[in-house]
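So this one's run32.txt, compact mmCIF, C-alpha atoms and all ligand atoms:
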```txt
# COMPACT_ATOMS: atom_id res chain seq x y z
CA MET C 1 -3.24 -12.16 -11.08
CA SER C 2 -1.17 -10.44 -13.73
CA GLY C 3 -3.14 -7.19 -13.50
CA ARG C 4 -2.42 -6.97 -9.81
CA ILE C 5 1.23 -7.76 -10.27
CA GLN C 6 1.63 -5.11 -12.90
CA SER C 7 -0.09 -2.40 -10.92
CA PHE C 8 2.15 -2.97 -7.90
CA LEU C 9 5.22 -3.09 -10.09
CA ALA C 10 4.26 0.11 -11.85
CA VAL C 11 4.05 2.01 -8.58
CA ILE C 12 7.35 0.66 -7.37
CA LEU C 13 9.18 1.37 -10.60
CA ALA C 14 7.68 4.80 -11.08
CA SER C 15 9.42 6.23 -8.05
CA PRO C 16 13.03 5.05 -8.08
CA PHE C 17 13.65 5.81 -11.73
CA SER C 18 11.77 9.06 -12.11
CA GLY C 19 13.66 11.09 -9.53
CA SER C 20 16.94 12.84 -10.07
CA GLY C 21 18.92 10.70 -7.61
CA SER C 22 18.45 7.13 -6.50
CA GLY C 23 18.64 7.79 -2.77
CA PRO C 24 15.85 10.26 -2.02
CA ALA C 25 13.64 8.90 -4.82
CA PHE C 26 13.79 5.44 -3.33
CA ALA C 27 12.33 6.73 -0.10
CA SER C 28 9.00 7.21 -1.81
CA ALA C 29 8.82 3.65 -3.14
CA HIS C 30 6.89 1.36 -0.88
CA GLY C 31 4.77 -1.75 -0.99
CA GLY C 32 1.99 -3.79 0.52
CA LEU C 33 0.54 -7.23 1.09
CA ALA C 34 -1.02 -8.28 -2.21
CA ASN C 35 -2.52 -11.77 -1.79
CA TYR C 36 -2.79 -14.72 0.58
CA THR C 37 -2.41 -18.40 -0.21
CA VAL C 38 -3.15 -21.60 1.70
CA GLY C 39 -1.62 -24.51 -0.15
CA ASP C 40 -2.65 -24.08 -3.76
CA VAL C 41 -5.63 -21.85 -3.01
CA TRP C 42 -5.17 -18.14 -3.71
CA TYR C 43 -7.14 -15.44 -1.96
CA PRO C 44 -7.06 -12.10 -3.73
CA GLY C 45 -5.95 -9.15 -1.66
CA TYR C 46 -7.13 -5.59 -1.74
CA ASP C 47 -5.25 -3.39 -4.19
CA PRO C 48 -5.10 0.29 -3.17
CA ASN C 49 -3.94 1.19 -6.70
CA SER C 50 -7.14 -0.07 -8.30
CA PRO C 51 -9.62 0.07 -5.45
CA LEU C 52 -12.90 -1.77 -5.56
CA GLY C 53 -16.11 -0.09 -4.54
CA PRO C 54 -17.93 -1.27 -1.42
CA LEU C 55 -20.35 -3.33 -3.45
CA GLN C 56 -17.64 -5.17 -5.31
CA LEU C 57 -15.67 -5.72 -2.15
CA THR C 58 -18.52 -7.23 -0.17
CA GLN C 59 -20.16 -9.20 -2.97
CA GLN C 60 -17.23 -10.49 -4.93
CA GLN C 61 -16.84 -14.27 -4.91
CA PRO C 62 -14.80 -15.99 -3.63
CA GLY C 63 -14.27 -12.62 -2.02
CA ILE C 64 -11.44 -10.57 -0.67
CA PRO C 65 -10.52 -11.53 2.88
CA GLN C 66 -8.04 -8.67 3.29
CA ARG C 67 -8.76 -5.39 5.07
CA SER C 68 -8.75 -2.56 2.58
CA TYR C 69 -5.92 -0.06 2.82
CA SER C 70 -5.67 3.37 1.29
CA SER C 71 -2.08 3.38 0.06
CA ILE C 72 1.17 1.45 0.04
CA ASP C 73 2.88 4.19 2.08
CA PRO C 74 4.30 3.17 5.45
CA ILE C 75 3.24 4.28 8.90
CA PHE C 76 5.93 6.38 10.59
CA SER C 77 4.76 6.50 14.20
CA PRO C 78 4.26 3.73 16.78
CA THR C 79 1.33 5.74 18.14
CA SER C 80 -0.53 5.94 14.81
CA PRO C 81 -4.16 4.84 15.06
CA TYR C 82 -3.50 2.89 11.86
CA LEU C 83 -0.69 0.76 13.28
CA ALA C 84 -3.01 -2.22 13.71
CA CYS C 85 -4.24 -2.70 10.16
CA ASN C 86 -3.07 0.25 8.05
CA SER C 87 -5.09 3.26 6.97
CA PRO C 88 -8.46 1.87 5.81
CA ALA C 89 -9.77 2.57 2.35
CA LEU C 90 -13.27 1.56 3.39
CA SER C 91 -14.84 1.61 6.85
CA PRO C 92 -17.50 -0.65 8.39
CA PRO C 93 -19.95 -1.84 7.17
CA ASN C 94 -17.96 -1.91 3.95
CA THR C 95 -15.01 -3.84 5.32
CA PRO C 96 -14.58 -7.31 3.82
CA GLN C 97 -16.98 -9.99 5.00
CA HIS C 98 -14.87 -12.85 3.72
CA TYR C 99 -12.60 -15.25 5.59
CA ILE C 100 -9.77 -17.59 4.72
CA PRO C 101 -10.62 -21.07 6.02
CA LEU C 102 -7.75 -22.75 7.84
CA THR C 103 -7.13 -25.52 10.31
CA PRO C 104 -4.77 -25.01 13.25
CA GLY C 105 -1.24 -26.00 12.26
CA GLN C 106 -1.78 -25.11 8.61
CA ASN C 107 0.50 -22.71 6.76
CA LEU C 108 -0.67 -19.29 5.59
CA SER C 109 1.41 -17.44 3.00
CA ALA C 110 1.33 -13.71 2.45
CA ILE C 111 2.40 -12.63 -1.03
CA TYR C 112 4.10 -9.34 -1.83
CA TYR C 113 5.69 -8.34 -5.12
CA PHE C 114 9.18 -6.89 -5.65
CA TRP C 115 9.64 -6.06 -1.97
CA LEU C 116 12.05 -3.13 -1.84
CA HIS C 117 13.44 -2.74 1.66
CA PRO C 118 16.12 -5.08 3.03
CA VAL C 119 16.60 -4.12 6.68
CA GLY C 120 14.46 -4.62 9.77
CA PRO C 121 12.33 -7.24 11.49
CA MET C 122 9.13 -8.92 10.30
CA SER C 123 6.40 -10.23 12.58
CA VAL C 124 3.00 -11.91 12.33
CA TYR C 125 0.23 -11.52 14.90
CA LEU C 126 -3.20 -13.02 15.48
CA SER C 127 -6.00 -11.10 17.13
CA GLU C 128 -8.21 -12.33 19.92
CA PRO C 129 -11.14 -14.28 18.44
CA CYS C 130 -13.55 -11.81 16.91
CA PRO C 131 -16.81 -11.41 18.89
CA ILE C 132 -19.79 -13.57 17.98
CA PRO C 133 -22.85 -11.40 17.29
CA PRO C 134 -26.25 -12.29 18.75
CA ASN C 135 -28.13 -14.84 16.65
CA SER C 136 -24.91 -16.13 15.12
CA THR C 137 -22.47 -18.91 15.84
CA LEU C 138 -19.59 -17.33 13.94
CA GLY C 139 -17.33 -14.45 14.86
CA ASP C 140 -17.48 -11.17 12.99
CA CYS C 141 -14.13 -9.47 12.38
CA SER C 142 -15.44 -6.86 9.97
CA SER C 143 -16.74 -4.41 12.57
CA VAL C 144 -14.26 -4.72 15.45
CA ASN C 145 -12.59 -1.59 16.80
CA LEU C 146 -9.03 -2.16 15.63
CA GLU C 147 -7.50 0.10 18.29
CA GLU C 148 -9.13 -2.02 21.01
CA VAL C 149 -8.31 -5.43 19.58
CA LYS C 150 -5.77 -7.49 21.52
CA TRP C 151 -3.08 -9.34 19.59
CA PHE C 152 -0.49 -12.06 20.18
CA LYS C 153 2.60 -12.76 18.12
CA ILE C 154 2.90 -16.08 16.31
CA TRP C 155 6.06 -15.51 14.26
CA GLU C 156 9.03 -13.18 13.96
CA SER C 157 12.35 -12.93 12.18
CA GLY C 158 15.07 -10.31 12.29
CA LEU C 159 18.79 -10.34 11.55
CA LEU C 160 19.80 -13.77 10.23
CA THR C 161 23.53 -13.46 9.65
CA GLY C 162 26.14 -10.89 8.95
CA PRO C 163 28.83 -8.65 10.21
CA ASN C 164 26.49 -5.96 11.57
CA LEU C 165 23.01 -4.48 11.34
CA ALA C 166 23.67 -2.49 8.17
CA GLU C 167 25.50 -5.12 6.13
CA GLY C 168 24.03 -8.29 7.56
CA THR C 169 21.30 -10.37 5.98
CA TRP C 170 17.91 -9.86 7.49
CA TYR C 171 14.92 -12.08 6.82
CA GLN C 172 13.48 -9.02 5.07
CA LYS C 173 16.42 -9.15 2.64
CA SER C 174 16.09 -12.86 1.99
CA PHE C 175 12.35 -12.34 1.46
CA GLN C 176 13.05 -10.04 -1.49
CA ASN C 177 12.71 -11.40 -4.99
CA TRP C 178 13.43 -9.32 -8.05
CA VAL C 179 13.42 -12.23 -10.51
CA GLY C 180 10.55 -13.18 -12.84
CA ASP C 181 7.22 -12.03 -11.42
CA GLY C 182 8.98 -10.85 -8.26
CA GLU C 183 6.78 -12.87 -5.93
CA ASN C 184 7.80 -12.66 -2.28
CA ARG C 185 6.26 -15.48 -0.26
CA TRP C 186 6.02 -15.16 3.53
CA THR C 187 4.86 -18.47 4.99
CA VAL C 188 3.86 -18.87 8.63
CA ARG C 189 2.22 -21.74 10.50
CA ILE C 190 -1.00 -21.06 12.40
CA PRO C 191 -0.45 -22.37 15.95
CA GLY C 192 -1.60 -25.97 16.19
CA ARG C 193 -3.35 -25.51 19.50
CA VAL C 194 -5.09 -22.23 18.87
CA ARG C 195 -8.78 -22.11 19.70
CA GLU C 196 -11.33 -22.33 16.91
CA GLY C 197 -12.74 -19.02 15.83
CA ARG C 198 -12.50 -16.12 13.47
CA TYR C 199 -9.37 -14.03 13.74
CA LEU C 200 -7.60 -11.10 12.22
CA VAL C 201 -4.11 -11.91 11.03
CA ARG C 202 -1.63 -9.02 11.01
CA HIS C 203 1.57 -8.99 8.95
CA GLU C 204 4.07 -6.36 9.98
CA ILE C 205 7.26 -5.38 8.18
CA LEU C 206 9.33 -2.83 10.11
CA SER C 207 11.86 -1.26 7.75
CA LEU C 208 14.88 0.43 9.34
CA HIS C 209 16.82 1.67 6.31
CA VAL C 210 16.27 5.34 7.22
CA ALA C 211 18.33 6.32 10.26
CA GLY C 212 16.01 7.14 13.13
CA GLY C 213 12.95 6.86 10.85
CA PRO C 214 11.17 3.53 11.28
CA GLN C 215 8.62 2.54 8.65
CA TRP C 216 5.83 0.12 9.46
CA TYR C 217 4.15 -1.75 6.62
CA VAL C 218 1.13 -3.56 8.01
CA GLY C 219 -1.65 -5.56 6.44
CA CYS C 220 -4.53 -7.48 7.98
CA GLY C 221 -6.78 -10.28 6.79
CA HIS C 222 -9.66 -12.38 8.10
CA LEU C 223 -9.16 -16.02 9.09
CA ASP C 224 -11.72 -18.68 9.94
CA VAL C 225 -9.80 -21.22 12.01
CA ARG C 226 -11.57 -24.55 12.44
CA ARG C 227 -10.40 -27.92 13.59
CA GLY C 228 -12.76 -29.77 11.29
CA THR C 229 -12.07 -33.39 10.63
CA ILE C 230 -8.81 -32.98 8.80
CA ARG C 231 -6.47 -33.75 11.69
CA GLU C 232 -7.92 -36.93 13.05
CA GLY C 233 -7.47 -37.56 16.73
CA GLU C 234 -6.38 -34.02 17.36
CA GLY C 235 -7.41 -32.37 20.56
CA GLU C 236 -9.54 -35.24 21.80
CA GLY C 237 -11.06 -34.17 25.07
CA GLU C 238 -9.78 -30.63 24.58
CA GLY C 239 -11.28 -29.82 21.24
CA GLU C 240 -11.64 -26.14 21.90
CA GLY C 241 -7.95 -25.38 21.77
CA GLU C 242 -6.21 -22.61 23.67
CA LEU C 243 -5.36 -18.95 23.74
CA PRO C 244 -2.13 -17.50 25.12
CA PRO C 245 -1.87 -16.37 28.75
CA GLY C 246 -2.02 -12.66 29.60
CA GLU C 247 1.60 -11.64 29.11
CA TYR C 248 1.48 -12.38 25.38
CA TRP C 249 -1.22 -9.84 24.54
CA VAL C 250 -0.64 -6.34 23.13
CA LYS C 251 -2.60 -3.60 21.37
CA PHE C 252 -1.73 -1.45 18.35
CA PRO C 253 -0.93 1.29 18.99
CA GLY C 254 0.51 0.44 22.37
CA ALA C 255 2.91 -2.42 21.75
CA TYR C 256 5.83 -0.19 20.77
CA ARG C 257 7.37 2.74 22.61
CA GLU C 258 8.39 6.01 21.02
CA ASP C 259 11.69 5.89 22.89
CA ASP C 260 12.59 2.32 21.91
CA PRO C 261 16.24 2.60 20.80
CA ASP C 262 15.95 -0.52 18.60
CA ILE C 263 13.05 1.00 16.66
CA PHE C 264 14.35 4.56 16.32
CA ILE C 265 17.76 3.22 15.39
CA ASP C 266 20.59 4.38 13.17
CA ILE C 267 21.83 1.07 11.80
CA TYR C 268 24.72 2.86 10.05
CA SER C 269 26.15 4.42 13.21
CA GLU C 270 29.57 3.74 14.66
CA GLU C 271 27.97 2.31 17.76
CA ASN C 272 26.11 -0.33 15.72
CA ALA C 273 29.05 -1.18 13.46
CA ASN C 274 29.90 -4.38 15.34
CA ARG C 275 26.45 -5.35 16.48
CA THR C 276 25.45 -8.83 15.36
CA GLU C 277 22.22 -9.27 17.28
CA TYR C 278 18.86 -7.58 17.08
CA VAL C 279 15.94 -8.41 19.34
CA VAL C 280 12.68 -8.13 17.41
CA PRO C 281 10.42 -5.65 19.24
CA GLY C 282 7.06 -6.59 20.67
CA PRO C 283 5.94 -9.47 22.89
CA ARG C 284 7.38 -12.98 22.91
CA ILE C 285 6.03 -15.46 20.38
CA TRP C 286 3.27 -17.74 21.62
CA PRO C 287 4.53 -21.17 20.55
CA GLY C 288 1.04 -22.69 20.28
CA TYR C 289 1.89 -26.35 20.70
CA VAL C 290 1.37 -28.67 17.81
CA PHE C 291 -0.60 -31.67 19.01
CA LEU C 292 0.89 -34.78 17.46
CA SER C 293 -1.06 -37.57 19.12
CA ASN C 294 -3.35 -38.22 22.03
CA PHE C 295 -0.34 -38.66 24.27
CA SER C 296 2.28 -36.12 23.38
CA TYR C 297 2.71 -32.45 22.74
CA SER C 298 5.61 -31.22 20.76
CA PHE C 299 7.21 -27.81 20.50
CA LEU C 300 7.84 -27.78 16.80
CA PRO C 301 10.09 -24.98 15.62
CA LEU C 302 8.09 -22.38 13.79
CA PRO C 303 9.32 -21.54 10.31
CU CU I 401 9.26 2.22 1.06
```
Give the structure from this file in structure tokens form.
Amino acid sequence: MSGRIQSFLAVILASPFSGSGSGPAFASAHGGLANYTVGDVWYPGYDPNSPLGPLQLTQQQPGIPQRSYSSIDPIFSPTSPYLACNSPALSPPNTPQHYIPLTPGQNLSAIYYFWLHPVGPMSVYLSEPCPIPPNSTLGDCSSVNLEEVKWFKIWESGLLTGPNLAEGTWYQKSFQNWVGDGENRWTVRIPGRVREGRYLVRHEILSLHVAGGPQWYVGCGHLDVRRGTIREGEGEGEGEGELPPGEYWVKFPGAYREDDPDIFIDIYSEENANRTEYVVPGPRIWPGYVFLSNFSYSFLPLP
């Protein structure tokens, strides 16, 4: 892991300290999703700073379950064709063929290093189950058309506390870690009632530190969600699980409007000086009940 950590750190440090002033130079320092973990198991992410060739990417074991991306730069427009899963470094059929195995209700962590930006909401989405090709029983996420994929939101966090949007503490700020190896861990529970299948997971950080200039940092990975035998008694009689009803689904691009005042926002403005609430853009979260026994459902608070 240390090679990956160092390469991300090098890119981040190169920008802020090489320019003549801290402000403008900082604007060119960005970041990306580096790895995933489930419990103690680490899944290596794609590193745009030391890209693997197609052969390495598809044949490496245990394999990279993350969609490749071409740089750690943000996306600046809500209508970008890359808003779903970032600008790809490799296209089908060279997209990753690997999946992170998970059971519904399990936690997935996304790991970043030395995350730089402190302001703006963070959200996690799941795709619709990826289509099952003929002669297979398993979904294939590697060749889906990302602009046509439908998504639902499973987690979000915005402004946590504080006097206003500019000086308050956002989840994005509390997610930062500049100590030791600088590991930022973003842990989200997969909905306990979600249907079995293979999914794309989409992590989105929307940074709002530039007035009127939103920056989307998105990263996608492949999940293989199976009930298995781990959670005994779960879903008896309804083993297939559920998907959200229609109003939860969005596409990227499409979910965000170019005239959304909370996306194209000046957090430093007079008008926002006393604002203590921020509604995270996008659809409502699908709670995805956690099934506790044969007799009761429970709406557990998501992390
Ligand atoms: Cu940046």
Contacts of Asp259 of chain C within 12 Å, all atoms listed in the file, excl. fewer than 2 positions in-chain, as a ChimeraX atom specification: /C:77-79,212,214,256-257,261-265
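Distances here use only C-alpha atoms; by that measure, the residue among C:Arg67, C:Arg284, C:Arg227, C:Lys251 closest to Cys85 of chain C is C:Arg67.
Nearest to ligand CU 401 (chain I) of all the residues C:Tyr125, C:Trp115, C:Tyr278, C:Tyr69 is C:Trp115, based on only C-alpha atoms and all ligand atoms.
Coordinates place atom CA of Val194 of chain C at a distance of 8.4 Å from atom CA of Val225 of chain C.
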C:Pro118, C:Pro96, C:Gly182, C:Pro133 ranked by distance to ligand CU 401 (chain I), top pick (using only C-alpha atoms and all ligand atoms): C:Pro118
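Residues lying within 9 Å of segment 126-130 of chain C, counting all atoms listed in the file and ignoring same-chain neighbours fewer than 2 positions away, are Val124, Ile132, Leu138, Gly139, Asp140, Cys141, Ser142, Val144, Val149, Lys150, Trp151, Phe152, Lys153, Ile154, Ile190, Arg195, Glu196, Gly197, Arg198, Tyr199, Leu200, Val201, Arg202, Leu243 and Trp249 of chain C.
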Contacts of Leu83 of chain C at 10 Å (only C-alpha atoms; same-chain gap of 3+ positions) as JSON, numbers by chain: {"C": [74, 75, 76, 77, 78, 79, 80, 86, 87, 146, 147, 204, 216, 217, 218, 219, 251, 252, 253, 254, 255, 256]}
Please produce a file of the residues just selected, as a PDB file, in the frame of the given file, where the atoms kept are C-alpha atoms.
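Saved file result_22.pdb follows:
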```
ATOM      1  CA  PRO C  74       4.300   3.170   5.450  1.00  0.00           C
ATOM      2  CA  ILE C  75       3.240   4.280   8.900  1.00  0.00           C
ATOM      3  CA  PHE C  76       5.930   6.380  10.590  1.00  0.00           C
ATOM      4  CA  SER C  77       4.760   6.500  14.200  1.00  0.00           C
ATOM      5  CA  PRO C  78       4.260   3.730  16.780  1.00  0.00           C
ATOM      6  CA  THR C  79       1.330   5.740  18.140  1.00  0.00           C
ATOM      7  CA  SER C  80      -0.530   5.940  14.810  1.00  0.00           C
ATOM      8  CA  ASN C  86      -3.070   0.250   8.050  1.00  0.00           C
ATOM      9  CA  SER C  87      -5.090   3.260   6.970  1.00  0.00           C
ATOM     10  CA  LEU C 146      -9.030  -2.160  15.630  1.00  0.00           C
ATOM     11  CA  GLU C 147      -7.500   0.100  18.290  1.00  0.00           C
ATOM     12  CA  GLU C 204       4.070  -6.360   9.980  1.00  0.00           C
ATOM     13  CA  TRP C 216       5.830   0.120   9.460  1.00  0.00           C
ATOM     14  CA  TYR C 217       4.150  -1.750   6.620  1.00  0.00           C
ATOM     15  CA  VAL C 218       1.130  -3.560   8.010  1.00  0.00           C
ATOM     16  CA  GLY C 219      -1.650  -5.560   6.440  1.00  0.00           C
ATOM     17  CA  LYS C 251      -2.600  -3.600  21.370  1.00  0.00           C
ATOM     18  CA  PHE C 252      -1.730  -1.450  18.350  1.00  0.00           C
ATOM     19  CA  PRO C 253      -0.930   1.290  18.990  1.00  0.00           C
ATOM     20  CA  GLY C 254       0.510   0.440  22.370  1.00  0.00           C
ATOM     21  CA  ALA C 255       2.910  -2.420  21.750  1.00  0.00           C
ATOM     22  CA  TYR C 256       5.830  -0.190  20.770  1.00  0.00           C
TER      23      TYR C 256
END
```
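Pairwise distance (atom CA of Arg226 of chain C, atom CA of Val41 of chain C) equals 16.8 Å.
Each of C:Gly288, C:Pro163, C:Gly246, C:Gly213 was compared to ligand CU 401 (chain I) using only C-alpha atoms and all ligand atoms, and C:Gly213 turns out to be the nearest.
Distance annotation: of C:Leu102, C:Ala89, C:Ile64, C:Val38, the residue with the minimal separation from Asp224 of chain C is C:Leu102; atom set is only C-alpha atoms.
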Atom pair atom CA of Gly31 of chain C / atom CA of His117 of chain C: separation (Å): 9.1 Å
How about completing segment 94-126 of chain C with N, CA and C atoms and giving it to me as a tab-separated table (two decimals), in the coordinates of the input?
```tsv
chain	number	residue	atom	x	y	z
C	94	ASN	N	-18.48	-1.53	5.26
C	94	ASN	CA	-17.96	-1.91	3.95
C	94	ASN	C	-16.63	-2.64	4.02
C	95	THR	N	-16.21	-3.02	5.20
C	95	THR	CA	-15.01	-3.84	5.32
C	95	THR	C	-15.33	-5.25	4.83
C	96	PRO	N	-14.32	-5.99	4.41
C	96	PRO	CA	-14.58	-7.31	3.82
C	96	PRO	C	-15.32	-8.25	4.78
C	97	GLN	N	-16.21	-9.02	4.21
C	97	GLN	CA	-16.98	-9.99	5.00
C	97	GLN	C	-16.45	-11.40	4.79
C	98	HIS	N	-15.35	-11.52	4.09
C	98	HIS	CA	-14.87	-12.85	3.72
C	98	HIS	C	-13.74	-13.31	4.63
C	99	TYR	N	-13.58	-14.64	4.69
C	99	TYR	CA	-12.60	-15.25	5.59
C	99	TYR	C	-11.83	-16.34	4.86
C	100	ILE	N	-10.58	-16.49	5.25
C	100	ILE	CA	-9.77	-17.59	4.72
C	100	ILE	C	-9.93	-18.78	5.65
C	101	PRO	N	-10.47	-19.91	5.14
C	101	PRO	CA	-10.62	-21.07	6.02
C	101	PRO	C	-9.28	-21.78	6.23
C	102	LEU	N	-9.02	-22.12	7.47
C	102	LEU	CA	-7.75	-22.75	7.84
C	102	LEU	C	-7.99	-23.72	8.98
C	103	THR	N	-7.13	-24.72	9.09
C	103	THR	CA	-7.13	-25.52	10.31
C	103	THR	C	-5.90	-25.15	11.12
C	104	PRO	N	-5.95	-25.28	12.44
C	104	PRO	CA	-4.77	-25.01	13.25
C	104	PRO	C	-3.60	-25.86	12.76
C	105	GLY	N	-2.43	-25.29	12.73
C	105	GLY	CA	-1.24	-26.00	12.26
C	105	GLY	C	-1.01	-25.86	10.77
C	106	GLN	N	-1.95	-25.29	10.05
C	106	GLN	CA	-1.78	-25.11	8.61
C	106	GLN	C	-0.94	-23.86	8.32
C	107	ASN	N	-0.31	-23.85	7.15
C	107	ASN	CA	0.50	-22.71	6.76
C	107	ASN	C	-0.34	-21.68	6.00
C	108	LEU	N	-0.09	-20.43	6.33
C	108	LEU	CA	-0.67	-19.29	5.59
C	108	LEU	C	0.48	-18.54	4.95
C	109	SER	N	0.38	-18.25	3.66
C	109	SER	CA	1.41	-17.44	3.00
C	109	SER	C	0.85	-16.08	2.65
C	110	ALA	N	1.64	-15.06	2.92
C	110	ALA	CA	1.33	-13.71	2.45
C	110	ALA	C	2.24	-13.43	1.26
C	111	ILE	N	1.65	-12.89	0.20
C	111	ILE	CA	2.40	-12.63	-1.03
C	111	ILE	C	2.56	-11.13	-1.23
C	112	TYR	N	3.78	-10.71	-1.43
C	112	TYR	CA	4.10	-9.34	-1.83
C	112	TYR	C	4.79	-9.45	-3.19
C	113	TYR	N	4.97	-8.32	-3.85
C	113	TYR	CA	5.69	-8.34	-5.12
C	113	TYR	C	6.82	-7.32	-5.10
C	114	PHE	N	7.99	-7.76	-5.53
C	114	PHE	CA	9.18	-6.89	-5.65
C	114	PHE	C	9.40	-6.08	-4.38
C	115	TRP	N	9.45	-6.77	-3.24
C	115	TRP	CA	9.64	-6.06	-1.97
C	115	TRP	C	10.97	-5.31	-2.02
C	116	LEU	N	10.96	-4.05	-1.59
C	116	LEU	CA	12.05	-3.13	-1.84
C	116	LEU	C	13.05	-3.02	-0.70
C	117	HIS	N	12.57	-3.09	0.53
C	117	HIS	CA	13.44	-2.74	1.66
C	117	HIS	C	14.09	-3.97	2.26
C	118	PRO	N	15.38	-3.89	2.61
C	118	PRO	CA	16.12	-5.08	3.03
C	118	PRO	C	16.38	-5.22	4.53
C	119	VAL	N	16.10	-4.17	5.30
C	119	VAL	CA	16.60	-4.12	6.68
C	119	VAL	C	15.46	-3.94	7.66
C	120	GLY	N	15.46	-4.77	8.72
C	120	GLY	CA	14.46	-4.62	9.77
C	120	GLY	C	13.67	-5.90	9.98
C	121	PRO	N	13.01	-6.00	11.14
C	121	PRO	CA	12.33	-7.24	11.49
C	121	PRO	C	10.95	-7.39	10.84
C	122	MET	N	10.48	-8.63	10.80
C	122	MET	CA	9.13	-8.92	10.30
C	122	MET	C	8.42	-9.80	11.34
C	123	SER	N	7.16	-9.52	11.55
C	123	SER	CA	6.40	-10.23	12.58
C	123	SER	C	4.99	-10.52	12.08
C	124	VAL	N	4.40	-11.59	12.64
C	124	VAL	CA	3.00	-11.91	12.33
C	124	VAL	C	2.24	-12.08	13.65
C	125	TYR	N	1.08	-11.48	13.71
C	125	TYR	CA	0.23	-11.52	14.90
C	125	TYR	C	-1.14	-12.08	14.55
C	126	LEU	N	-1.77	-12.71	15.55
C	126	LEU	CA	-3.20	-13.02	15.48
C	126	LEU	C	-3.93	-12.17	16.51
```
